[in-house]
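Okay, model.cif now, which holds mmCIF, C-alpha atoms:
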```
data_run
loop_
_atom_site.label_atom_id
_atom_site.label_comp_id
_atom_site.auth_asym_id
_atom_site.auth_seq_id
_atom_site.Cartn_x
_atom_site.Cartn_y
_atom_site.Cartn_z
CA MET I 1 104.00 -26.91 64.09
CA TRP I 2 106.30 -23.92 64.71
CA THR I 3 109.05 -23.75 67.26
CA ALA I 4 111.60 -21.12 68.10
CA THR I 5 114.02 -22.55 65.57
CA GLY I 6 112.23 -24.24 62.71
CA GLN I 7 109.35 -26.13 61.18
CA VAL I 8 107.98 -29.59 60.48
CA GLY I 9 107.57 -30.85 56.94
CA ASP I 10 104.05 -31.47 55.68
CA GLU I 11 104.19 -33.88 52.78
CA PRO I 12 100.98 -35.62 51.71
CA GLY I 13 100.06 -38.82 53.53
CA THR I 14 96.97 -40.75 54.48
CA GLN I 15 94.30 -38.90 56.42
CA GLU I 16 94.59 -41.39 59.30
CA LYS I 17 98.35 -40.85 59.57
CA GLU I 18 98.08 -37.05 59.32
CA GLU I 19 95.45 -36.91 62.07
CA SER I 20 97.60 -38.90 64.49
CA ASP I 21 100.61 -36.69 63.77
CA LEU I 22 98.54 -33.55 64.34
CA LEU I 23 97.09 -34.88 67.58
CA VAL I 24 100.59 -35.33 68.97
CA SER I 25 101.48 -31.81 67.83
CA ALA I 26 98.51 -30.39 69.70
CA GLU I 27 99.20 -32.38 72.85
CA SER I 28 102.86 -31.34 72.88
CA LEU I 29 101.57 -27.75 73.07
CA VAL I 30 99.46 -28.69 76.14
CA LEU I 31 96.28 -28.42 74.08
CA GLU I 32 94.03 -31.41 74.30
CA LYS I 33 92.17 -31.39 71.02
CA GLN I 34 93.45 -31.01 67.49
CA VAL I 35 91.10 -29.12 65.20
CA ARG I 36 92.45 -29.05 61.68
CA GLN I 37 95.57 -29.10 59.60
CA LEU I 38 97.18 -26.04 58.03
CA LYS I 39 99.60 -25.54 55.20
CA MET I 40 102.49 -23.10 55.42
CA ALA I 41 100.58 -20.48 53.47
CA ASN I 42 97.92 -20.29 56.21
CA LEU I 43 100.44 -18.89 58.67
CA GLU I 44 102.26 -15.70 57.88
CA GLU I 45 105.67 -16.74 59.12
CA GLU I 46 109.03 -15.97 57.62
CA GLU I 47 110.86 -18.89 56.10
CA LYS I 48 112.70 -21.00 58.66
CA LYS I 49 114.67 -24.23 58.53
CA ILE I 50 112.63 -27.43 58.36
CA TRP I 51 113.83 -29.82 61.06
CA MET I 52 111.52 -32.85 60.77
CA ASP I 53 110.06 -34.83 57.86
CA ASN I 54 108.15 -38.10 57.40
CA LEU I 55 106.84 -38.31 60.96
CA TYR I 56 105.41 -41.61 62.18
CA CYS I 57 103.08 -40.84 65.11
CA GLU I 58 100.42 -43.09 66.62
CA GLY I 59 98.64 -40.30 68.51
CA HIS I 60 99.55 -41.27 72.08
CA GLU I 61 102.97 -39.60 72.15
CA LYS I 62 103.26 -36.63 74.52
CA ARG I 63 106.01 -34.88 72.59
CA LEU I 64 106.51 -34.56 68.86
CA GLN I 65 110.14 -35.65 69.21
CA ASN I 66 108.89 -38.99 70.57
CA CYS I 67 107.54 -39.84 67.11
CA ARG I 68 109.79 -41.54 64.61
CA PHE I 69 111.11 -39.39 61.79
CA ASP I 70 113.96 -39.29 59.29
CA GLY I 71 116.38 -37.36 61.49
CA TRP I 72 116.94 -33.76 62.50
CA GLY I 73 117.24 -31.51 59.46
CA ILE I 74 116.81 -34.35 56.93
CA HIS I 75 113.97 -33.55 54.52
CA ASP I 76 112.99 -32.96 50.90
CA CYS I 77 110.30 -30.36 51.60
CA SER I 78 109.75 -27.04 49.91
CA ALA I 79 108.88 -23.91 51.92
CA SER I 80 105.17 -24.32 51.11
CA GLU I 81 105.08 -27.78 52.74
CA ALA I 82 105.78 -26.64 56.31
CA ALA I 83 103.13 -28.08 58.63
CA GLY I 84 100.89 -26.28 61.10
CA VAL I 85 97.94 -26.98 63.37
CA VAL I 86 95.12 -25.02 64.97
CA CYS I 87 94.29 -26.45 68.40
CA GLU I 88 91.15 -26.19 70.50
CA SER I 89 91.49 -26.23 74.27
CA MET I 90 89.08 -28.25 76.37
CA ASN I 91 88.93 -25.28 78.71
CA LYS I 92 85.52 -23.73 78.08
CA LYS I 93 86.82 -20.30 79.02
CA SER I 94 89.23 -20.37 76.11
CA ALA I 95 88.16 -19.00 72.75
CA LYS I 96 87.76 -21.39 69.86
CA PHE I 97 90.09 -20.66 66.96
CA GLU I 98 88.51 -21.79 63.69
CA SER I 99 90.85 -19.76 61.52
CA LEU I 100 94.00 -17.72 62.00
CA LYS I 101 92.63 -15.11 59.60
CA ALA I 102 88.95 -14.98 60.52
CA ARG I 103 86.43 -16.43 62.97
CA LYS I 104 84.31 -18.14 60.34
CA ALA I 105 84.97 -21.76 59.41
CA VAL I 106 86.33 -22.58 55.97
CA THR I 107 83.81 -24.30 53.70
CA VAL I 108 85.04 -26.22 50.70
CA LYS I 109 82.50 -25.77 47.92
CA SER I 110 81.79 -28.10 45.04
CA LYS I 111 82.61 -27.54 41.42
CA LEU I 112 83.02 -24.01 40.11
CA LYS I 113 80.53 -24.59 37.33
CA THR I 114 77.75 -24.83 39.93
CA GLU I 115 78.29 -21.16 40.86
CA LYS I 116 76.55 -19.82 37.74
CA VAL I 117 79.85 -19.97 35.86
CA LYS I 118 78.79 -20.78 32.33
CA ASN I 119 82.17 -20.17 30.75
CA LEU I 120 85.45 -20.20 32.70
CA GLU I 121 88.35 -19.05 30.54
CA VAL I 122 91.96 -19.75 31.49
CA ARG I 123 95.20 -18.26 30.16
CA LEU I 124 98.90 -18.19 31.06
CA MET I 125 100.62 -14.81 31.41
CA GLY I 126 104.05 -13.48 32.34
CA GLY I 127 106.06 -16.52 31.26
CA ARG I 128 109.25 -16.56 29.26
CA TYR I 129 107.71 -19.13 26.93
CA PRO I 130 104.11 -19.89 25.89
CA ASN I 131 104.03 -23.05 28.03
CA GLU I 132 104.51 -21.27 31.38
CA GLY I 133 103.20 -18.37 33.40
CA ARG I 134 100.82 -17.27 36.12
CA VAL I 135 97.30 -18.65 35.80
CA GLU I 136 94.61 -16.09 35.03
CA VAL I 137 90.89 -16.92 34.93
CA ARG I 138 87.80 -15.11 33.69
CA ALA I 139 84.19 -16.09 34.29
CA ASN I 140 81.33 -15.21 31.93
CA GLY I 141 83.36 -12.61 30.05
CA GLY I 142 84.25 -10.56 33.16
CA GLN I 143 87.61 -9.32 34.42
CA TRP I 144 90.69 -11.54 34.45
CA GLY I 145 91.75 -12.66 37.93
CA LEU I 146 94.44 -14.76 39.61
CA ILE I 147 94.37 -18.00 41.60
CA CYS I 148 95.69 -18.16 45.16
CA GLY I 149 98.71 -20.46 45.38
CA ASP I 150 97.74 -21.92 48.77
CA GLY I 151 97.74 -25.72 48.34
CA TRP I 152 98.52 -25.45 44.62
CA SER I 153 100.00 -28.73 43.37
CA LEU I 154 100.90 -30.72 40.27
CA LEU I 155 97.34 -32.08 40.13
CA GLU I 156 95.90 -28.59 39.61
CA ALA I 157 98.75 -27.67 37.24
CA ASN I 158 97.95 -30.71 35.11
CA VAL I 159 94.34 -29.58 34.64
CA ILE I 160 95.43 -26.07 33.66
CA CYS I 161 98.03 -27.26 31.13
CA GLN I 162 95.59 -29.59 29.43
CA GLN I 163 92.87 -26.94 29.33
CA VAL I 164 95.15 -24.43 27.58
CA LYS I 165 96.43 -27.26 25.33
CA LYS I 166 100.08 -26.94 26.41
CA GLY I 167 100.60 -30.57 27.39
CA TYR I 168 100.87 -31.73 31.00
CA GLY I 169 101.70 -30.09 34.33
CA SER I 170 105.47 -30.23 34.87
CA ALA I 171 105.73 -27.80 37.80
CA ALA I 172 103.30 -26.03 40.14
CA VAL I 173 104.53 -22.53 41.01
CA GLN I 174 103.47 -20.76 44.22
CA SER I 175 105.09 -17.34 43.92
CA SER I 176 105.05 -14.07 41.99
CA TYR I 177 107.84 -15.29 39.72
CA PHE I 178 105.54 -14.79 36.73
CA GLY I 179 104.18 -11.49 38.03
CA GLY I 180 100.70 -10.60 39.27
CA HIS I 181 99.35 -8.71 42.28
CA PRO I 182 97.54 -10.26 45.28
CA GLU I 183 94.69 -7.76 44.95
CA ASN I 184 93.71 -9.43 41.67
CA ILE I 185 93.21 -12.90 43.20
CA SER I 186 89.67 -14.10 42.50
CA ILE I 187 89.77 -17.81 43.47
CA ASN I 188 91.33 -19.62 46.44
CA GLY I 189 91.36 -23.15 47.79
CA VAL I 190 91.27 -24.77 44.35
CA LYS I 191 91.59 -28.56 44.54
CA CYS I 192 91.61 -30.92 41.57
CA THR I 193 92.14 -34.65 41.16
CA GLY I 194 94.15 -34.12 37.97
CA ARG I 195 91.57 -35.96 35.87
CA GLU I 196 89.40 -32.93 35.14
CA SER I 197 89.36 -31.51 31.62
CA ASN I 198 88.43 -28.01 32.78
CA LEU I 199 89.16 -25.93 35.90
CA SER I 200 85.41 -25.43 36.37
CA GLU I 201 85.15 -29.09 37.40
CA CYS I 202 87.47 -28.59 40.40
CA SER I 203 86.36 -27.68 43.94
CA TYR I 204 87.25 -24.40 45.63
CA GLU I 205 86.75 -22.31 48.80
CA SER I 206 86.03 -18.77 47.58
CA PHE I 207 85.31 -17.21 44.21
CA GLY I 208 84.70 -13.57 43.29
CA ASP I 209 85.98 -10.16 44.32
CA ARG I 210 88.16 -9.54 47.40
CA VAL I 211 89.13 -13.18 47.90
CA SER I 212 91.65 -13.61 50.73
CA CYS I 213 94.81 -15.57 50.07
CA PRO I 214 96.61 -16.60 53.27
CA GLY I 215 100.37 -16.50 53.42
CA ARG I 216 102.86 -14.25 51.76
CA ASP I 217 101.81 -11.52 49.33
CA GLU I 218 103.43 -13.29 46.39
CA ASN I 219 101.45 -16.52 46.88
CA ILE I 220 100.16 -16.65 43.29
CA ALA I 221 99.48 -19.85 41.34
CA GLY I 222 101.49 -20.52 38.21
CA VAL I 223 102.39 -23.50 36.04
CA ILE I 224 105.09 -24.82 33.78
CA CYS I 225 103.79 -27.22 31.14
CA ALA I 226 105.61 -29.91 29.20
CA SER I 227 104.70 -32.12 26.27
CA GLU I 228 106.83 -35.01 27.51
CA LEU I 229 106.87 -36.56 30.99
CA PRO I 230 107.78 -39.90 32.57
CA ASP I 231 105.14 -42.45 33.56
CA LEU I 232 106.08 -44.96 36.27
CA VAL I 233 104.18 -48.23 36.47
CA PRO I 234 104.81 -50.98 39.08
CA ASP I 235 104.85 -54.60 37.94
CA GLU I 236 101.88 -56.06 39.81
CA VAL I 237 102.55 -59.60 38.58
CA GLU I 238 106.06 -59.55 40.07
CA ILE I 239 104.62 -58.48 43.44
CA GLU I 240 102.26 -61.47 43.44
CA ARG I 241 104.96 -63.90 42.33
CA SER I 242 107.72 -62.86 44.75
CA ALA I 243 105.94 -62.37 48.10
CA TYR I 244 107.03 -64.52 51.05
CA LEU I 245 107.60 -64.37 54.85
CA GLU I 246 110.89 -64.14 56.69
CA ASP I 247 111.60 -64.10 60.44
CA ARG I 248 114.72 -62.05 61.11
CA GLN I 249 116.49 -60.99 64.30
CA LEU I 250 116.96 -57.31 65.10
CA LEU I 251 120.70 -57.93 65.12
CA TYR I 252 120.54 -57.96 61.33
CA LEU I 253 118.08 -55.06 61.01
CA GLN I 254 120.00 -52.19 62.60
CA CYS I 255 120.40 -50.22 59.37
CA ALA I 256 116.72 -50.73 58.60
CA MET I 257 115.79 -49.42 62.05
CA GLU I 258 117.75 -46.24 61.35
CA GLU I 259 115.60 -45.68 58.26
CA ASN I 260 112.29 -46.33 60.09
CA CYS I 261 111.58 -49.50 58.14
CA LEU I 262 110.14 -51.51 61.04
CA ALA I 263 106.83 -51.33 62.90
CA SER I 264 106.57 -48.99 65.89
CA GLU I 265 106.64 -51.88 68.41
CA ALA I 266 110.22 -52.66 67.42
CA TYR I 267 111.31 -49.23 68.65
CA LYS I 268 109.67 -49.71 72.05
CA LEU I 269 111.93 -52.58 73.08
CA ASP I 270 114.15 -51.91 76.09
CA LYS I 271 117.66 -51.74 74.69
CA ASN I 272 119.06 -52.23 78.19
CA ASP I 273 117.46 -55.65 78.29
CA TYR I 274 119.92 -58.46 77.65
CA GLY I 275 119.23 -60.17 74.36
CA TRP I 276 116.96 -57.51 72.80
CA LEU I 277 118.98 -57.80 69.58
CA TYR I 278 117.81 -61.40 69.25
CA GLU I 279 114.13 -60.49 69.19
CA GLN I 280 112.61 -61.53 65.88
CA ARG I 281 110.50 -59.51 63.46
CA ARG I 282 108.27 -61.10 60.83
CA LEU I 283 108.77 -59.47 57.44
CA LEU I 284 106.58 -59.66 54.35
CA ARG I 285 109.17 -59.47 51.59
CA PHE I 286 108.54 -58.95 47.89
CA THR I 287 110.21 -57.62 44.75
CA ALA I 288 109.15 -54.26 43.28
CA ARG I 289 109.92 -53.67 39.62
CA ILE I 290 109.07 -50.19 38.34
CA GLY I 291 109.09 -49.41 34.62
CA ASN I 292 109.05 -46.03 32.90
CA PHE I 293 106.44 -46.08 30.12
CA GLY I 294 106.45 -42.32 29.58
CA THR I 295 108.05 -40.13 26.95
CA THR I 296 111.03 -38.82 28.94
CA ASP I 297 113.30 -39.97 31.78
CA PHE I 298 112.20 -40.05 35.42
CA ARG I 299 114.64 -38.02 37.52
CA PRO I 300 114.74 -37.52 41.31
CA PHE I 301 112.96 -34.54 42.82
CA LEU I 302 116.08 -33.25 44.58
CA PRO I 303 119.13 -31.96 42.69
CA LYS I 304 122.25 -34.08 43.00
CA ASN I 305 123.97 -31.72 45.43
CA ALA I 306 121.06 -32.15 47.88
CA TRP I 307 121.17 -35.95 48.07
CA GLN I 308 121.69 -37.38 51.56
CA TRP I 309 124.60 -39.76 52.22
CA HIS I 310 123.72 -42.65 54.55
CA MET I 311 126.75 -44.14 56.24
CA CYS I 312 124.94 -47.28 57.34
CA HIS I 313 124.23 -48.51 53.82
CA LEU I 314 126.96 -46.47 52.13
CA HIS I 315 124.68 -44.95 49.52
CA TYR I 316 122.88 -41.72 48.63
CA HIS I 317 119.15 -41.07 49.01
CA SER I 318 117.90 -39.07 46.03
CA MET I 319 114.27 -39.04 47.26
CA GLU I 320 113.34 -39.39 50.91
CA VAL I 321 110.24 -41.42 50.01
CA PHE I 322 110.00 -43.19 46.67
CA ALA I 323 107.45 -45.88 47.57
CA HIS I 324 104.86 -46.66 50.25
CA PHE I 325 103.83 -50.20 51.22
CA ASP I 326 100.51 -50.38 53.08
CA ILE I 327 98.39 -53.20 54.51
CA ILE I 328 94.77 -52.08 54.94
CA ASN I 329 91.97 -53.99 56.65
CA LEU I 330 88.53 -54.48 55.13
CA GLN I 331 87.26 -51.42 57.04
CA GLY I 332 89.76 -49.23 55.21
CA GLN I 333 92.11 -48.73 58.18
CA LYS I 334 95.87 -48.99 57.72
CA VAL I 335 97.20 -51.72 60.01
CA ALA I 336 100.81 -51.99 58.79
CA GLU I 337 103.05 -49.88 56.60
CA GLY I 338 106.52 -49.60 55.15
CA HIS I 339 108.37 -47.13 52.97
CA LYS I 340 111.26 -47.24 50.59
CA ALA I 341 113.71 -44.38 50.13
CA SER I 342 114.98 -44.26 46.56
CA PHE I 343 118.59 -44.76 47.52
CA CYS I 344 119.36 -45.94 44.01
CA LEU I 345 117.28 -45.11 40.95
CA GLU I 346 118.96 -46.80 38.01
CA ASP I 347 118.33 -48.71 34.80
CA ASN I 348 118.42 -52.40 35.72
CA ASN I 349 116.62 -53.82 32.69
CA CYS I 350 115.86 -52.15 29.35
CA LEU I 351 113.93 -53.07 26.23
CA PRO I 352 115.98 -54.29 23.26
CA GLY I 353 117.65 -51.37 21.53
CA THR I 354 117.47 -49.12 24.61
CA GLU I 355 120.79 -48.22 26.19
CA LYS I 356 121.15 -48.03 29.96
CA LYS I 357 121.83 -44.45 31.04
CA TYR I 358 121.64 -44.33 34.83
CA ALA I 359 123.79 -46.18 37.37
CA CYS I 360 124.38 -45.46 41.05
CA ALA I 361 127.99 -46.58 41.29
CA ASN I 362 130.62 -43.91 41.96
CA TYR I 363 128.06 -41.18 42.73
CA GLY I 364 126.53 -41.63 39.29
CA ASP I 365 123.39 -39.96 37.99
CA GLN I 366 120.13 -41.52 39.16
CA GLY I 367 116.94 -41.97 37.20
CA ILE I 368 114.89 -44.39 35.10
CA SER I 369 115.11 -44.12 31.31
CA VAL I 370 112.15 -44.55 28.99
CA GLY I 371 111.79 -48.23 28.20
CA CYS I 372 113.79 -49.30 31.27
CA SER I 373 112.88 -50.58 34.71
CA ASP I 374 114.37 -50.27 38.17
CA THR I 375 114.15 -53.44 40.26
CA TYR I 376 114.24 -53.60 44.05
CA LEU I 377 114.78 -57.27 44.84
CA HIS I 378 113.10 -58.88 47.84
CA THR I 379 116.54 -59.27 49.45
CA VAL I 380 117.12 -55.48 49.68
CA ASP I 381 116.81 -53.74 53.05
CA CYS I 382 113.39 -52.14 53.66
CA GLN I 383 111.85 -53.99 50.72
CA TRP I 384 109.24 -55.35 53.10
CA VAL I 385 106.40 -54.64 55.51
CA ASP I 386 106.89 -55.55 59.17
CA ILE I 387 103.81 -57.70 60.02
CA THR I 388 105.01 -59.05 63.38
CA ASP I 389 101.89 -57.76 65.15
CA LEU I 390 99.44 -58.35 62.30
CA THR I 391 96.45 -60.56 63.12
CA PRO I 392 95.89 -63.38 60.60
CA GLY I 393 93.15 -62.58 58.12
CA ILE I 394 92.28 -61.08 54.75
CA TYR I 395 93.54 -57.60 53.90
CA ASN I 396 94.28 -55.24 51.03
CA PHE I 397 97.92 -54.65 50.12
CA LYS I 398 99.00 -51.50 48.28
CA VAL I 399 102.36 -50.58 46.75
CA SER I 400 102.45 -46.90 45.75
CA ILE I 401 105.20 -45.37 43.60
CA ASN I 402 105.91 -41.62 43.72
CA PRO I 403 103.10 -41.46 46.33
CA GLU I 404 103.57 -37.78 47.19
CA PHE I 405 103.43 -36.70 43.52
CA LYS I 406 106.85 -35.09 43.97
CA VAL I 407 107.79 -35.73 40.34
CA ALA I 408 105.42 -34.88 37.49
CA GLU I 409 104.11 -37.80 35.42
CA LEU I 410 101.82 -38.31 32.44
CA ASN I 411 99.43 -40.39 34.49
CA TYR I 412 99.08 -41.02 38.23
CA ASP I 413 96.27 -43.57 37.90
CA ASN I 414 98.74 -46.44 37.37
CA ASN I 415 101.18 -45.59 40.19
CA ALA I 416 99.80 -48.07 42.72
CA ALA I 417 99.33 -51.83 42.70
CA VAL I 418 96.37 -52.74 44.93
CA CYS I 419 96.05 -56.43 45.81
CA ASN I 420 94.28 -58.89 48.07
CA LEU I 421 96.40 -60.36 50.86
CA TYR I 422 95.71 -63.56 52.81
CA TYR I 423 97.80 -64.20 55.93
CA ASN I 424 97.35 -67.29 58.12
CA ALA I 425 100.29 -66.78 60.55
CA VAL I 426 102.31 -69.41 58.68
CA SER I 427 102.29 -68.23 55.08
CA VAL I 428 101.12 -65.31 52.99
CA ARG I 429 99.52 -65.00 49.58
CA ILE I 430 99.10 -61.85 47.48
CA PHE I 431 96.69 -62.04 44.54
CA ASN I 432 94.22 -60.11 42.34
CA CYS I 433 96.54 -57.09 41.90
CA THR I 434 95.26 -54.15 39.85
CA LEU I 435 96.78 -50.78 38.96
CA GLN I 436 95.19 -47.72 40.60
CA ARG I 437 96.04 -44.25 41.92
CA PRO I 438 98.01 -44.03 45.22
#
```

Write the structure described by the file as structure tokens, please.
Amino acid sequence: MWTATGQVGDEPGTQEKEESDLLVSAESLVLEKQVRQLKMANLEEEEKKIWMDNLYCEGHEKRLQNCRFDGWGIHDCSASEAAGVVCESMNKKSAKFESLKARKAVTVKSKLKTEKVKNLEVRLMGGRYPNEGRVEVRANGGQWGLICGDGWSLLEANVICQQVKKGYGSAAVQSSYFGGHPENISINGVKCTGRESNLSECSYESFGDRVSCPGRDENIAGVICASELPDLVPDEVEIERSAYLEDRQLLYLQCAMEENCLASEAYKLDKNDYGWLYEQRRLLRFTARIGNFGTTDFRPFLPKNAWQWHMCHLHYHSMEVFAHFDIINLQGQKVAEGHKASFCLEDNNCLPGTEKKYACANYGDQGISVGCSDTYLHTVDCQWVDITDLTPGIYNFKVSINPEFKVAELNYDNNAAVCNLYYNAVSVRIFNCTLQRP
């Protein structure tokens, strides 16, 4: 969504949430129907300031600024994460825009190996060291080509690094930093889950000669590989053990409201109404303990000089979103959600013989050491899901750590604890938790 002055961040979220956000974007442009979502690289715009991040839209808002978000100019987005939409007018006289580059719709094809690709070779070129460089591919002994960087992420980088036997994906590069020319791009729209052992198992949009790559000319895929990475794992047993309900007045939740930690209905209350501060919200509280079982420390995505100071809680946010808390009904629809900004990543508990390295006091370094865990007690602000409007019943409850894959890890398949939740309007029980991918 582009304005005269800036852009909106486009970090990964659930499909349901993204569609509601995009619908509001389209309606705020006086266009009645949202068609599809675009990444920054689909729109050839010069880099502008990103003004909005982590939008919470329900789809009925008439203006994008009516949605909840982190605050003007507060974000942790890169230039490639700027959001865009293509809208379709209900006016039949208006032309339908299926693509900003062409009139044909984009078709995502299945695995590359189905396109008569018997042998897909991959190599890294242009790097300072053997474990980095632009990604070059060659099919069936033909010419070497490049991969378009549009939508390139750590998941794709992880597949490449393992295929060339350089370890794991530590960074996904979308630029010409490692050289290369756009005319040599032979694949675009590559999407992987990160579990594939070979690039030929990933899906794609186009493959062959004269493949278009939307965005800037230097939008070329590259990787930086590493042999050691962190691996965060939530303690699912602690989630089951610590869950309980609390009814709390808004008078004591003002800081949490500033950080968008309550359900949308709480923000619709008339603040001119006498006694609105004494309205109660029902909170599902629980403790989240996250351990690092990797081979190196987990550090925040943003550098220390980019951390945001929050006056309300008197602490720094080193990652705008560190954890998502979702309640999902049996039809797969999200009915309640919460999020936790990593205002303090530190070593709370460590294995015997492991020294604590990170502490938040006095603007200290933040992170989680190998063999240590960071614990967010149930008493901490925003360590909850607002279930005031939740209908009693049986649901699924999911706690996702590093949900946007901002920081590279050895394994993403253990970053979420997915549980059963039983709520009867008086008490709550969380049980049968298992570790899965966010």

For the PyMOL selection byres ((chain I and resi 243) around 8), applied here, can you spell out every residue it catches as a ChimeraX atom specification? /I:239-242,244-245,284-287,378,428-430

Evaluating the PyMOL selection byres ((chain I and resi 134) around 6) on the displayed file yields which residues, as a list in words? Leu124, Met125, Gly133, Val135, Phe178, Ala221 and Gly222 of chain I

If you count all atoms listed in the file, which residues fall within 6 Å of Ala226 in chain I, apart from same-chain ones fewer than 2 positions away, as a PyMOL selection string? chain I and resi 167-168+170+228

Once the PyMOL selection byres ((chain I and resi 175) around 7) is applied to the coordinates I shared, what remains selected? I want it as a list of chain:residue names.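 Checked against the file, the PyMOL selection byres ((chain I and resi 175) around 7) matches I:Val173, I:Gln174, I:Ser176, I:Tyr177, I:Glu218, I:Asn219, I:Ile220, I:Ala221.
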
Mind checking which residues fall within 8 Å of Trp152 in chain I, counting only C-alpha atoms, ignoring those fewer than 3 positions away in the same chain, and posting them as a ChimeraX atom specification? /I:148-149,156-157,172-174,190-191,221

Residue nearest Ile185 in chain I - candidates I:Gln162, I:Ser212, I:Ser203, I:Asn140, atoms counted: only C-alpha atoms: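 Among I:Gln162, I:Ser212, I:Ser203, I:Asn140, it is I:Ser212 that comes nearest to Ile185 in chain I.
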
Nearest to Ser427 in chain I, chosen from I:Arg282, I:His315, I:His324, I:Lys398, with all atoms listed in the file counted in the distances: I:Arg282

For each of I:Phe293, I:Trp384, I:Tyr363, I:Trp307, take the minimum atom-to-atom distance to His339 in chain I, counting all atoms listed in the file, then give the residue where this is smallest.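 Looking at the shortest contact to His339 in chain I, the residue is I:Trp384.
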
So, with only C-alpha atoms as the atoms that count, which of I:Tyr278, I:Phe207, I:Phe325, I:Phe405 lies closest to Leu232 in chain I? I:Phe405

Using Å and a single decimal, report how far CA of His310 in chain I sits from CA of Gly73 in chain I. 13.8 Å

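Counting only C-alpha atoms and comparing I:Arg289, I:Lys357, I:Lys340, I:His317, the residue that lies closest to Asp374 in chain I is I:Arg289.
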
Which of these, I:Val237, I:Val159, I:Cys255, I:Ile147, has the shortest distance to Asp209 in chain I once you count only C-alpha atoms? I:Ile147

Polymer residues at most 9 Å from Leu345 in chain I, only C-alpha atoms, same-chain spacing of 2 or more positions, as a PyMOL selection string: chain I and resi 299-300+318+342-343+347+358-360+365-368+374-375

Long-range neighbours of Asn184 in chain I as a PyMOL selection string, 10 Å cut-off, all atoms listed in the file, 2 positions minimum in chain: chain I and resi 136+143-148+180-182+186-187+209-211+220
